[in-house]
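What follows is a single structure, written as structure tokens, with notes after it.
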Amino acid sequence: SLVASGSGTVTVDQILNFAGTVQLDAATGLTLADNLTAGGNVTMSSGGAGIQQTGGVLDVTGGTASFTGFGGTGDVLLGSAGNNFNVVNLSGRHITAVAGSGGMIVNSLSSGVNANVYLQAGAGGLILPGTAINAGTGQVSLLSGSTLLGMGALTGSIVLVQAPSGISITDNIAASSNLQMSSGVAGITQTGGAIQVAGPSSFAAGTGPVSLTQPGNDFASIGVTGGVVSLQDSNGVVLSGVSAATSLTVNANGNVSQTAPVVVSGTTTVNAGI
């Protein structure tokens, strides 16, 4: 085990390997510049510049890893593609957590006002706590190499979601700039919440279904690739390109127009001004 703290900055600049727990605390900045492996729980906290990974990898698969950037200015930036996590707790201003090839379970997440949240997991999938992520004018990026579970309400300027094994929308999504979602043939389905986007939206699901049919949805413009495509808009909507391998249904409470080709292999149904 390792316990270390400093009244200033703390830097890990050599390879550390512990079978037990690791606790690192710094007052003004914690820098991870080399590999750190722990068989037990890992706890790190810092004010000032927060926790920043400039090199090496973190390997914490035997326990829970908790990272806290406090004081309102402390970021948690763990962006190495080689990181391996099991369960993580993340609290700070800007949040970045990357688990390159494996999965990641986010047990808790707390980010700052108007701050970016970037979460990326590999083939093991990304599991979220189901709570709201509000980045304000910051960006929300949720990237999974396979499954994405536990996604709650999302708010940001740009909202980006990728999950090859499908995306399930059960709560509100608000993007003041643009929204991008992509999945595999499992598709993108909305069973709750409202999607409200001030700028362009794009949804790509290959030949999988894209079902965005909640009554509170409000898209400025939308581009879609899918099989069975179903869209609902509480106002008018601009179709900025649609490719539907099976069918297309659009229901809008205003005008429906297009700025790019709409290609549908089967039936197309458009209801405007309903």
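Within each chain, counting starts at residue 1; across the structure tokens, chains are named A, B, ... in the order shown, with ligands numbered 1 upward in that order.
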
Within 7 Å of region 145-156 of chain A: each region 108-140 of chain A residue with its shortest pair, only C-alpha atoms, as a tab-separated table:
residue	atom	partner	partner_atom	distance
A:Ala121	CA	A:Gly145	CA	6.0
A:Gly122	CA	A:Gly145	CA	4.3
A:Ala123	CA	A:Gly145	CA	4.6
A:Gly124	CA	A:Ser146	CA	6.6
A:Gly125	CA	A:Thr147	CA	4.6
A:Leu126	CA	A:Leu148	CA	5.0
A:Ile127	CA	A:Leu149	CA	4.8
A:Leu128	CA	A:Gly150	CA	4.6
A:Pro129	CA	A:Gly150	CA	5.6
A:Gly130	CA	A:Gly150	CA	4.4
A:Thr131	CA	A:Gly152	CA	5.2
A:Ala132	CA	A:Ala153	CA	4.5
A:Ile133	CA	A:Leu154	CA	5.0
A:Asn134	CA	A:Thr155	CA	4.6
A:Ala135	CA	A:Gly156	CA	4.8
A:Gly136	CA	A:Gly156	CA	4.9
A:Thr137	CA	A:Gly156	CA	5.5
A:Gly138	CA	A:Gly156	CA	5.4
A:Gln139	CA	A:Gly156	CA	5.2
A:Val140	CA	A:Gly156	CA	5.9

- Task: Mind the document's chain letters and residue numbers, and return as an MDAnalysis selection string the residues of region 38-266 of chain A that DSSP labels strand (DSSP E or B).
- Result: chainID A and resid 38 42:46 50:53 58:69 75:78 84:91 95:99 104:110 117:121 126:127 133:134 139:144 148:149 154:163 167:169 173:183 188:190 195:204 210:212 218:233 237:252 256:258 262:264

- Could you check which of A:Leu212, A:Val88, A:Leu24, A:Leu248 is closest to Val229 (chain A), using only C-alpha atoms?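 Closest to Val229 (chain A), using only C-alpha atoms: A:Leu248.
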
- Message: When you count only C-alpha atoms, which of these residues is closest to Ser183 (chain A): A:Gly112, A:Gly29, A:Gly208, A:Pro200?
- Response: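 Of all the options, A:Gly208 lies closest to Ser183 (chain A).
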
- Item | Nearest to Val3 (chain A), chosen from A:Asp171, A:Asp75, A:Asp233, A:Asp25, with only C-alpha atoms counted in the distances |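 Using only C-alpha atoms, the shortest distance to Val3 (chain A) belongs to A:Asp25.
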
- Atomic distance CA of Leu119 (chain A) - CA of Ser1 (chain A), expressed in Å with one decimal: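 About the pair CA of Leu119 (chain A) and CA of Ser1 (chain A): they are 27.8 Å apart.
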
- Item | Given only C-alpha atoms as the counted atoms, nearest of A:Ala97, A:Leu77, A:Ala194, A:Val263 to Ser234 (chain A) | A:Ala194

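Using only C-alpha atoms, the shortest contact distance between Gly226 (chain A) and any of A:Val197, A:Ala252, A:Ile188, A:Ala65 is found at A:Ile188.
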
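If you look at CA of Ala204 (chain A) and CA of Ser243 (chain A), they are 9.4 Å away from each other.
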
- Item | Close residues, Gln14 (chain A) itself excluded, 10 Å, only C-alpha atoms, min 2 positions apart in chain, as a ChimeraX atom specification | /A:11-12,16-17,32-36,56

For C-alpha atoms, I'd like the residues from the last selection saved as a PDB file, in the first residue's frame.
ATOM      1  CA  THR A  11       4.106  14.183  -9.140  1.00  0.00           C
ATOM      2  CA  VAL A  12       4.274  10.459  -9.906  1.00  0.00           C
ATOM      3  CA  LEU A  16       4.664   2.249  -9.090  1.00  0.00           C
ATOM      4  CA  ASN A  17       3.178  -1.195  -8.488  1.00  0.00           C
ATOM      5  CA  LEU A  32       0.569  11.328 -13.086  1.00  0.00           C
ATOM      6  CA  ALA A  33       3.500  11.006 -15.455  1.00  0.00           C
ATOM      7  CA  ASP A  34       4.232   7.261 -15.292  1.00  0.00           C
ATOM      8  CA  ASN A  35       2.525   3.905 -14.762  1.00  0.00           C
ATOM      9  CA  LEU A  36       0.661   3.200 -11.539  1.00  0.00           C
ATOM     10  CA  GLY A  56       1.872   6.370 -18.257  1.00  0.00           C
TER      11      GLY A  56
END

- What lies within 7 Å of region 68-72 of chain A using only C-alpha atoms, ignoring chain neighbours under 2 positions off, as a PyMOL selection string? chain A and resi 44-47+50-51+66+74-76+90-93

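One distance worth recording is that between CA of Gly241 (chain A) and CA of Val117 (chain A), which is 28.9 Å.
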
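Using only C-alpha atoms, the nearest neighbour of Leu231 (chain A) within the list A:Asn86, A:Thr189, A:Gln23, A:Ser165 is A:Thr189.
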